[in-house]
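K.L.:
Okay, so here is model-v2.txt, and as you'll see once you scroll down, it has compact mmCIF, C-alpha atoms.
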# COMPACT_ATOMS: atom_id res chain seq x y z
CA MET M 1 0.53 -14.20 -11.90
CA ARG M 2 3.06 -11.54 -10.94
CA LYS M 3 3.10 -10.61 -7.27
CA ILE M 4 4.30 -7.12 -6.42
CA THR M 5 5.68 -5.32 -3.38
CA ILE M 6 5.35 -1.53 -3.55
CA ILE M 7 7.43 0.76 -1.34
CA THR M 8 6.97 4.53 -1.36
CA GLY M 9 9.54 6.99 -0.08
CA ALA M 10 12.03 4.30 -1.05
CA SER M 11 15.01 6.49 -1.94
CA SER M 12 16.39 6.82 1.61
CA GLY M 13 15.76 6.23 5.30
CA MET M 14 13.29 3.57 6.36
CA GLY M 15 11.91 3.24 2.83
CA ALA M 16 15.30 2.16 1.52
CA GLU M 17 15.68 -0.16 4.51
CA PHE M 18 12.33 -1.78 3.77
CA ALA M 19 13.61 -2.39 0.23
CA ARG M 20 16.84 -3.99 1.50
CA GLN M 21 15.15 -6.30 3.95
CA ILE M 22 12.29 -7.37 1.69
CA ALA M 23 14.81 -8.08 -1.08
CA ARG M 24 16.69 -10.43 1.28
CA ASP M 25 13.59 -11.98 2.84
CA GLU M 26 13.25 -15.64 1.91
CA LYS M 27 9.62 -15.57 3.04
CA THR M 28 8.52 -12.96 0.51
CA GLU M 29 6.17 -14.24 -2.16
CA SER M 30 6.67 -11.20 -4.39
CA SER M 31 8.23 -11.63 -7.79
CA GLU M 32 8.82 -7.89 -8.29
CA ILE M 33 9.58 -4.89 -6.09
CA TRP M 34 8.50 -1.42 -7.23
CA LEU M 35 10.27 1.51 -5.59
CA PHE M 36 8.60 4.93 -5.67
CA ALA M 37 10.15 8.30 -4.80
CA ARG M 38 10.87 11.63 -6.47
CA ASN M 39 14.66 11.30 -6.72
CA LYS M 40 15.62 9.03 -9.61
CA GLU M 41 19.34 8.93 -8.78
CA LYS M 42 18.73 7.82 -5.21
CA LEU M 43 16.26 5.20 -6.38
CA GLU M 44 18.86 3.88 -8.83
CA SER M 45 21.33 3.65 -5.94
CA VAL M 46 18.90 1.59 -3.84
CA LYS M 47 18.14 -0.64 -6.82
CA ASP M 48 21.84 -1.25 -7.44
CA GLU M 49 22.29 -2.10 -3.78
CA ILE M 50 19.58 -4.76 -3.66
CA LYS M 51 19.63 -6.22 -7.17
CA GLY M 52 22.11 -8.91 -6.10
CA ASP M 53 19.50 -10.25 -3.68
CA PHE M 54 16.44 -9.44 -5.77
CA PRO M 55 17.07 -8.79 -9.47
CA ASN M 56 13.50 -7.86 -10.50
CA VAL M 57 13.29 -4.29 -9.20
CA LYS M 58 11.45 -1.45 -10.94
CA ILE M 59 12.11 2.16 -9.98
CA VAL M 60 9.37 4.72 -10.47
CA PRO M 61 10.46 8.37 -10.08
CA MET M 62 7.14 10.01 -9.25
CA ASN M 63 5.80 12.77 -7.03
CA LEU M 64 2.96 11.03 -5.19
CA ALA M 65 1.83 14.08 -3.21
CA GLY M 66 -1.87 14.89 -2.99
CA LYS M 67 -4.70 14.10 -5.38
CA GLU M 68 -2.45 14.65 -8.39
CA GLY M 69 0.05 12.11 -7.11
CA VAL M 70 -2.67 9.57 -6.39
CA ALA M 71 -4.01 10.01 -9.93
CA LEU M 72 -0.53 9.38 -11.37
CA PHE M 73 -0.20 6.27 -9.20
CA LYS M 74 -3.57 4.91 -10.35
CA THR M 75 -2.62 5.52 -13.99
CA PHE M 76 0.65 3.69 -13.44
CA LEU M 77 -1.16 0.68 -11.93
CA ALA M 78 -3.57 0.56 -14.87
CA THR M 79 -0.76 0.84 -17.42
CA GLU M 80 1.17 -2.01 -15.79
CA LYS M 81 -1.69 -4.38 -16.58
CA ILE M 82 -0.69 -4.15 -20.23
CA SER M 83 2.41 -6.19 -19.36
CA GLY M 84 0.23 -8.87 -17.84
CA PRO M 85 -2.01 -9.41 -14.82
CA TYR M 86 -0.57 -8.94 -11.35
CA GLU M 87 -1.47 -8.88 -7.67
CA ILE M 88 -0.07 -6.60 -4.99
CA ASP M 89 1.40 -8.67 -2.21
CA MET M 90 2.45 -5.74 -0.02
CA LEU M 91 2.16 -1.95 0.03
CA VAL M 92 4.54 -0.04 2.29
CA ASN M 93 3.18 3.49 2.58
CA ASN M 94 6.36 5.17 3.80
CA ALA M 95 6.38 8.49 1.92
CA GLY M 96 5.99 11.44 4.27
CA PHE M 97 7.80 14.23 6.10
CA GLY M 98 7.53 16.49 9.13
CA THR M 99 8.21 20.10 10.11
CA TYR M 100 9.74 21.25 13.39
CA GLY M 101 8.65 24.47 15.06
CA GLU M 102 5.67 26.46 16.23
CA PHE M 103 2.81 26.40 13.71
CA ALA M 104 2.83 30.22 13.41
CA SER M 105 6.51 30.22 12.45
CA THR M 106 6.47 27.47 9.82
CA PRO M 107 5.46 28.13 6.20
CA LEU M 108 1.77 27.40 5.73
CA GLU M 109 2.40 25.98 2.25
CA LYS M 110 4.83 23.47 3.77
CA GLU M 111 2.26 22.38 6.35
CA LEU M 112 -0.38 21.91 3.66
CA GLU M 113 2.06 19.90 1.55
CA MET M 114 2.62 17.69 4.58
CA ILE M 115 -1.10 17.06 4.98
CA ASP M 116 -1.32 16.21 1.28
CA LEU M 117 1.48 13.65 1.48
CA ASN M 118 0.97 12.22 4.96
CA CYS M 119 -2.83 11.96 4.73
CA THR M 120 -4.21 12.35 1.20
CA THR M 121 -1.52 10.28 -0.50
CA LEU M 122 -1.54 7.56 2.15
CA THR M 123 -5.31 7.24 1.88
CA GLY M 124 -5.37 7.41 -1.91
CA LEU M 125 -2.70 4.77 -2.39
CA CYS M 126 -4.54 2.39 -0.07
CA GLY M 127 -7.68 2.91 -2.13
CA ALA M 128 -5.85 2.52 -5.42
CA VAL M 129 -4.32 -0.86 -4.52
CA LEU M 130 -7.49 -2.43 -3.13
CA PRO M 131 -8.57 -4.03 -6.46
CA PHE M 132 -5.14 -5.68 -6.71
CA LEU M 133 -4.99 -7.15 -3.21
CA HIS M 134 -5.66 -10.80 -2.42
CA GLU M 135 -6.02 -13.02 0.60
CA GLY M 136 -2.75 -12.73 2.50
CA SER M 137 -1.82 -9.27 1.17
CA SER M 138 -0.45 -6.67 3.58
CA ILE M 139 -0.52 -2.90 3.90
CA ILE M 140 1.99 -1.17 6.17
CA ASN M 141 1.24 2.49 6.81
CA VAL M 142 4.10 4.35 8.48
CA ALA M 143 2.59 6.49 11.23
CA SER M 144 4.58 7.66 14.27
CA LEU M 145 4.80 7.64 18.04
CA ALA M 146 3.61 11.24 17.63
CA ALA M 147 0.21 9.80 16.63
CA PHE M 148 -0.74 9.12 20.25
CA LEU M 149 -0.88 12.71 21.55
CA PRO M 150 -1.14 16.27 20.19
CA LEU M 151 2.33 17.84 20.29
CA GLY M 152 3.34 21.47 20.52
CA ASN M 153 6.08 22.49 18.07
CA PHE M 154 5.05 19.47 16.01
CA ALA M 155 1.33 20.20 15.69
CA VAL M 156 0.52 19.36 12.07
CA TYR M 157 2.86 16.39 11.85
CA ALA M 158 1.42 14.77 14.98
CA ALA M 159 -2.10 15.39 13.67
CA THR M 160 -1.32 13.76 10.30
CA LYS M 161 0.12 10.71 12.01
CA ALA M 162 -2.89 10.46 14.33
CA TYR M 163 -4.95 10.31 11.15
CA ALA M 164 -2.69 7.62 9.69
CA LEU M 165 -3.02 5.50 12.83
CA SER M 166 -6.80 5.87 13.09
CA PHE M 167 -7.33 5.16 9.40
CA SER M 168 -5.06 2.11 9.48
CA VAL M 169 -6.88 0.52 12.42
CA ALA M 170 -10.28 1.13 10.82
CA LEU M 171 -9.11 -0.23 7.46
CA SER M 172 -7.75 -3.30 9.22
CA ALA M 173 -11.19 -3.93 10.71
CA GLU M 174 -12.88 -3.56 7.31
CA LEU M 175 -10.44 -5.90 5.50
CA LYS M 176 -10.19 -8.57 8.19
CA ASP M 177 -12.86 -10.81 6.63
CA LYS M 178 -10.94 -10.71 3.33
CA LYS M 179 -7.82 -11.83 5.24
CA ILE M 180 -5.91 -8.73 4.22
CA ARG M 181 -3.61 -7.39 6.94
CA VAL M 182 -3.20 -3.67 7.69
CA SER M 183 -0.56 -2.44 10.13
CA ALA M 184 0.44 0.99 11.40
CA LEU M 185 4.14 1.31 12.19
CA CYS M 186 4.54 3.91 14.95
CA PRO M 187 8.25 4.64 15.41
CA GLY M 188 9.74 7.22 17.73
CA SER M 189 13.12 8.71 16.85
CA VAL M 190 14.92 6.72 14.14
CA SER M 191 18.33 7.54 12.67
CA THR M 192 17.33 8.85 9.25
CA ASP M 193 17.42 12.23 7.49
CA PHE M 194 14.06 13.13 9.06
CA ALA M 195 15.36 15.80 11.47
CA ASN M 196 17.42 17.56 8.81
CA VAL M 197 14.36 17.88 6.57
CA ALA M 198 11.96 18.73 9.41
CA SER M 199 14.21 21.48 10.78
CA ASN M 200 15.22 22.80 7.36
CA GLY M 201 18.84 22.12 8.28
CA ALA M 202 18.85 23.39 11.87
CA ARG M 203 19.17 19.87 13.31
CA LYS M 204 21.30 17.55 11.20
CA GLU M 205 20.57 14.30 13.01
CA VAL M 206 17.66 12.83 14.96
CA LEU M 207 18.31 12.93 18.71
CA HIS M 208 18.62 9.50 20.33
CA GLY M 209 17.67 7.86 17.02
CA LYS M 210 17.15 4.12 16.93
CA ASP M 211 18.63 1.82 14.30
CA PRO M 212 16.29 1.68 11.26
CA VAL M 213 17.48 -1.88 10.55
CA ALA M 214 16.04 -3.12 13.82
CA VAL M 215 12.84 -1.07 13.48
CA VAL M 216 12.08 -2.35 9.98
CA ALA M 217 12.94 -5.97 10.83
CA HIS M 218 10.57 -5.86 13.80
CA CYS M 219 7.87 -4.25 11.67
CA LEU M 220 8.00 -6.90 8.95
CA LYS M 221 7.93 -9.69 11.52
CA LYS M 222 4.90 -8.26 13.33
CA ALA M 223 3.08 -7.30 10.13
CA ARG M 224 3.22 -10.91 8.93
CA ARG M 225 1.52 -11.93 12.16
CA GLY M 226 -1.26 -9.38 11.65
CA LYS M 227 -0.20 -6.93 14.35
CA ARG M 228 -2.24 -3.76 13.83
CA ILE M 229 -0.11 -1.25 15.79
CA ILE M 230 3.63 -1.85 15.72
CA LEU M 231 6.02 -0.31 18.25
CA TRP M 232 9.59 -1.57 18.49
CA SER M 233 11.29 -0.35 21.67
CA ALA M 234 10.05 -0.75 25.24
CA LYS M 235 10.30 3.03 25.67
CA TRP M 236 8.00 3.61 22.70
CA LYS M 237 5.48 1.10 24.02
CA PHE M 238 5.56 2.75 27.45
CA THR M 239 5.13 6.23 25.95
CA ALA M 240 2.17 5.12 23.82
CA PHE M 241 0.55 3.44 26.83
CA MET M 242 1.02 6.42 29.16
CA SER M 243 -0.42 8.80 26.58
CA ARG M 244 -3.85 7.44 27.52
CA PHE M 245 -3.53 9.11 30.91
CA VAL M 246 -2.32 12.52 29.73
CA GLY M 247 -4.88 15.14 28.73
CA ARG M 248 -4.56 16.18 25.11
CA TYR M 249 -4.23 19.87 25.92
CA LEU M 250 -1.78 19.18 28.74
CA GLY M 251 0.38 17.10 26.43
CA ALA M 252 0.36 19.77 23.74
CA ARG M 253 1.07 22.59 26.20
CA PHE M 254 3.88 20.72 27.94
CA THR M 255 5.64 19.81 24.69
CA PHE M 256 5.22 23.36 23.40
CA LYS M 257 6.88 24.79 26.50
CA TYR M 258 9.56 22.20 27.17
CA ASN M 259 10.21 20.25 23.97
CA LYS M 260 11.50 22.87 21.60
CA ARG M 261 12.44 21.72 18.12
CA PRO M 262 14.99 23.87 16.27
CA SER M 263 14.16 25.04 12.79
CA GLU M 264 15.35 27.48 10.14
CA TRP M 265 12.05 28.22 8.43
CA ARG M 266 12.38 31.98 8.87
Please re-express this file's structure in structure tokens.

P.N.:
Amino acid sequence: MRKITIITGASSGMGAEFARQIARDEKTESSEIWLFARNKEKLESVKDEIKGDFPNVKIVPMNLAGKEGVALFKTFLATEKISGPYEIDMLVNNAGFGTYGEFASTPLEKELEMIDLNCTTLTGLCGAVLPFLHEGSSIINVASLAAFLPLGNFAVYAATKAYALSFSVALSAELKDKKIRVSALCPGSVSTDFANVASNGARKEVLHGKDPVAVVAHCLKKARRGKRIILWSAKWKFTAFMSRFVGRYLGARFTFKYNKRPSEWR
């Protein structure tokens, strides 16, 4: 029986780092890694990088956004059964993006695309893999530290990640008796291309970004132990804890006034 690890958003950033570390992980029980993203060339680059550690890597250039993306993913899973039965050992739901700036000044189509990818796709992929999971399987949904409080200048992104966190915890409760683990990774600033995309080029690098190598290593370690909400740094843990004592409106108003995020959407 083939055992598969699936990583979405695997062409760069934390998705690519998940691929590197899982490929080198002696504890993995997967016999194949499937990497999903839109950019075929970048996926090929990640595959070339890890094939020395893990030769059985399949790249799948696919736009997973929204209902259409979920339908393509389900078709792919069904088609793969022709090559023989398989189980999914791990799903890393990493595909997603954010937008910086006041809601009124960001393109509405971009915000709706974000909801499609960060919420609809994440939910749909979890549902699509359920028939292929087994006792000991894991799902890692990449949420964010932004999930813990509404944020001005980051309104839709924070809301989508609050959804991802809530859904992940509830799904963990539902799958506990089947001994399937579900974790929500909730990183703060990580040194990836996130800021450049979110600001449409106005901010090239994430401010005070943490090392994605350390964040992913911590995530995999805690996910194996069944940790439901994963936060790496002490600062992130403190911020998440203190969010319980800040009113939602106050948090949103304060960040709107004093935590401006540069963008070039207009």

K.L.:
Closest to Lys210 of chain M among M:Pro61, M:Gly13, M:Ile88, M:Gly52, using only C-alpha atoms?

P.N.:
M:Gly13

K.L.:
With distances taken over all atoms listed in the file, which residue among M:Asn259, M:Thr239, M:Thr99, M:Thr121 lies nearest Leu72 of chain M?

P.N.:
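Among the listed residues, M:Thr121 lies closest to Leu72 of chain M.
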
K.L.:
Can you work out which one of M:Met1, M:Ala252, M:Leu165, M:Ala146 has the shortest atom-to-atom distance to Gly84 of chain M, counting all atoms listed in the file?

P.N.:
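Checking each candidate against Gly84 of chain M, we get M:Met1 as the closest.
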
K.L.:
Using all atoms listed in the file, which of M:Lys237, M:Lys176, M:Lys74, M:Lys110 sits nearest Val129 of chain M?

P.N.:
M:Lys74

K.L.:
Between atom CA of Val142 of chain M and atom CA of Ala184 of chain M, what is the distance in Å, rounded to a tenth?

P.N.:
5.8 Å

K.L.:
Which residues are close to Ile230 of chain M, i.e. within 12 Å by all atoms listed in the file, leaving aside same-chain residues fewer than 4 positions away? Reply as number ranges by chain.

P.N.:
M: 140-145, 165, 168-169, 182-188, 215-226, 234, 236-237, 240

K.L.:
What separation in Å, quoted to one decimal, exists between atom CA of Ser191 of chain M and atom CA of Pro212 of chain M?

P.N.:
6.4 Å

K.L.:
Could you list, as a VMD selection string, every residue within 6 Å of segment 28-40 of chain M, counting all atoms listed in the file and ignoring same-chain residues fewer than 4 positions away?

P.N.:
chain M and resid 3 to 11 56 to 63

K.L.:
Using all atoms listed in the file, pick whichever of M:Pro131, M:Ser172, M:Phe245, M:Asp116 has the shortest atom-to-atom distance to Val70 of chain M.

P.N.:
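For Val70 of chain M, the nearest of the candidates is M:Asp116.
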
K.L.:
Could you list, as a list in words, every residue within 7 Å of segment 158-163 of chain M, counting all atoms listed in the file and ignoring same-chain residues fewer than 2 positions away?

P.N.:
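Skipping anything fewer than 2 positions along the chain leaves Ile115, Asn118, Cys119, Ala143, Ser144, Ala146, Ala147, Phe148, Pro150, Leu151, Phe154, Ala155, Val156, Leu165, Ser166 and Phe167 of chain M.
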
K.L.:
Have a look at atom CA of Gly152 of chain M and atom CA of Tyr100 of chain M and let me know their distance in Å, one decimal.

P.N.:
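Atom CA of Tyr100 of chain M lies 9.6 Å from atom CA of Gly152 of chain M.
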
K.L.:
Between M:Lys179, M:Arg228, M:Arg24, M:Lys67, single out the one closest to Thr123 of chain M, counting all atoms listed in the file.

P.N.:
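Smallest distance to Thr123 of chain M is found for M:Lys67.
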
K.L.:
Which residues come within 9 Å of Ala71 of chain M, counting only C-alpha atoms, excluding same-chain residues fewer than 6 positions away, as a list in words?

P.N.:
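Residues meeting the cut-off are Leu64, Gly124 and Ala128 of chain M.
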
K.L.:
Write the residues of the selection above to a file with C-alpha atoms, as a compact mmCIF listing (two decimals), in the frame of the given file.

P.N.:
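Result file is part.txt:
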# COMPACT_ATOMS: atom_id res chain seq x y z
CA LEU M 64 2.96 11.03 -5.19
CA GLY M 124 -5.37 7.41 -1.91
CA ALA M 128 -5.85 2.52 -5.42

K.L.:
Please, can segment 135-154 of chain M be completed to N, CA, C and O atoms and returned as an mmCIF file, in the coordinates of the input?

P.N.:
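Saved result, selection.cif, follows:
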data_model
loop_
_atom_site.group_PDB
_atom_site.id
_atom_site.type_symbol
_atom_site.label_atom_id
_atom_site.label_comp_id
_atom_site.auth_asym_id
_atom_site.auth_seq_id
_atom_site.Cartn_x
_atom_site.Cartn_y
_atom_site.Cartn_z
ATOM 1 N N GLU M 135 -6.130 -12.426 -0.734
ATOM 2 C CA GLU M 135 -6.020 -13.020 0.600
ATOM 3 C C GLU M 135 -4.540 -13.203 0.946
ATOM 4 O O GLU M 135 -3.781 -13.792 0.187
ATOM 5 N N GLY M 136 -4.145 -12.662 2.090
ATOM 6 C CA GLY M 136 -2.750 -12.730 2.500
ATOM 7 C C GLY M 136 -1.947 -11.480 2.197
ATOM 8 O O GLY M 136 -0.798 -11.356 2.643
ATOM 9 N N SER M 137 -2.512 -10.523 1.438
ATOM 10 C CA SER M 137 -1.820 -9.270 1.170
ATOM 11 C C SER M 137 -1.671 -8.442 2.448
ATOM 12 O O SER M 137 -2.427 -8.612 3.413
ATOM 13 N N SER M 138 -0.701 -7.524 2.426
ATOM 14 C CA SER M 138 -0.450 -6.670 3.580
ATOM 15 C C SER M 138 -0.306 -5.213 3.159
ATOM 16 O O SER M 138 0.231 -4.921 2.083
ATOM 17 N N ILE M 139 -0.790 -4.332 4.015
ATOM 18 C CA ILE M 139 -0.520 -2.900 3.900
ATOM 19 C C ILE M 139 0.179 -2.466 5.171
ATOM 20 O O ILE M 139 -0.288 -2.765 6.276
ATOM 21 N N ILE M 140 1.309 -1.789 5.029
ATOM 22 C CA ILE M 140 1.990 -1.170 6.170
ATOM 23 C C ILE M 140 1.965 0.334 5.962
ATOM 24 O O ILE M 140 2.537 0.844 4.989
ATOM 25 N N ASN M 141 1.270 1.034 6.841
ATOM 26 C CA ASN M 141 1.240 2.490 6.810
ATOM 27 C C ASN M 141 2.185 3.013 7.898
ATOM 28 O O ASN M 141 2.031 2.678 9.070
ATOM 29 N N VAL M 142 3.158 3.825 7.508
ATOM 30 C CA VAL M 142 4.100 4.350 8.480
ATOM 31 C C VAL M 142 3.490 5.576 9.154
ATOM 32 O O VAL M 142 3.332 6.636 8.537
ATOM 33 N N ALA M 143 3.108 5.395 10.412
ATOM 34 C CA ALA M 143 2.590 6.490 11.230
ATOM 35 C C ALA M 143 3.746 6.997 12.104
ATOM 36 O O ALA M 143 4.840 7.230 11.593
ATOM 37 N N SER M 144 3.521 7.134 13.407
ATOM 38 C CA SER M 144 4.580 7.660 14.270
ATOM 39 C C SER M 144 4.146 7.540 15.715
ATOM 40 O O SER M 144 2.948 7.473 16.025
ATOM 41 N N LEU M 145 5.108 7.538 16.613
ATOM 42 C CA LEU M 145 4.800 7.640 18.040
ATOM 43 C C LEU M 145 4.067 8.943 18.331
ATOM 44 O O LEU M 145 3.287 9.037 19.288
ATOM 45 N N ALA M 146 4.288 9.952 17.486
ATOM 46 C CA ALA M 146 3.610 11.240 17.630
ATOM 47 C C ALA M 146 2.105 11.126 17.419
ATOM 48 O O ALA M 146 1.363 12.060 17.725
ATOM 49 N N ALA M 147 1.646 9.982 16.899
ATOM 50 C CA ALA M 147 0.210 9.800 16.630
ATOM 51 C C ALA M 147 -0.614 9.709 17.902
ATOM 52 O O ALA M 147 -1.836 9.905 17.863
ATOM 53 N N PHE M 148 0.009 9.435 19.038
ATOM 54 C CA PHE M 148 -0.740 9.120 20.250
ATOM 55 C C PHE M 148 -1.114 10.336 21.082
ATOM 56 O O PHE M 148 -1.890 10.216 22.036
ATOM 57 N N LEU M 149 -0.590 11.524 20.738
ATOM 58 C CA LEU M 149 -0.880 12.710 21.550
ATOM 59 C C LEU M 149 -0.612 13.971 20.734
ATOM 60 O O LEU M 149 0.372 14.016 19.986
ATOM 61 N N PRO M 150 -1.457 15.005 20.849
ATOM 62 C CA PRO M 150 -1.140 16.270 20.190
ATOM 63 C C PRO M 150 0.168 16.837 20.749
ATOM 64 O O PRO M 150 0.403 16.787 21.968
ATOM 65 N N LEU M 151 1.011 17.378 19.880
ATOM 66 C CA LEU M 151 2.330 17.840 20.290
ATOM 67 C C LEU M 151 2.559 19.283 19.888
ATOM 68 O O LEU M 151 2.424 19.629 18.706
ATOM 69 N N GLY M 152 2.911 20.115 20.842
ATOM 70 C CA GLY M 152 3.340 21.470 20.520
ATOM 71 C C GLY M 152 4.661 21.450 19.782
ATOM 72 O O GLY M 152 5.481 20.544 19.986
ATOM 73 N N ASN M 153 4.887 22.393 18.917
ATOM 74 C CA ASN M 153 6.080 22.490 18.070
ATOM 75 C C ASN M 153 6.168 21.359 17.041
ATOM 76 O O ASN M 153 7.201 21.201 16.389
ATOM 77 N N PHE M 154 5.093 20.600 16.938
ATOM 78 C CA PHE M 154 5.050 19.470 16.010
ATOM 79 C C PHE M 154 3.587 19.226 15.653
ATOM 80 O O PHE M 154 3.179 18.095 15.374
#
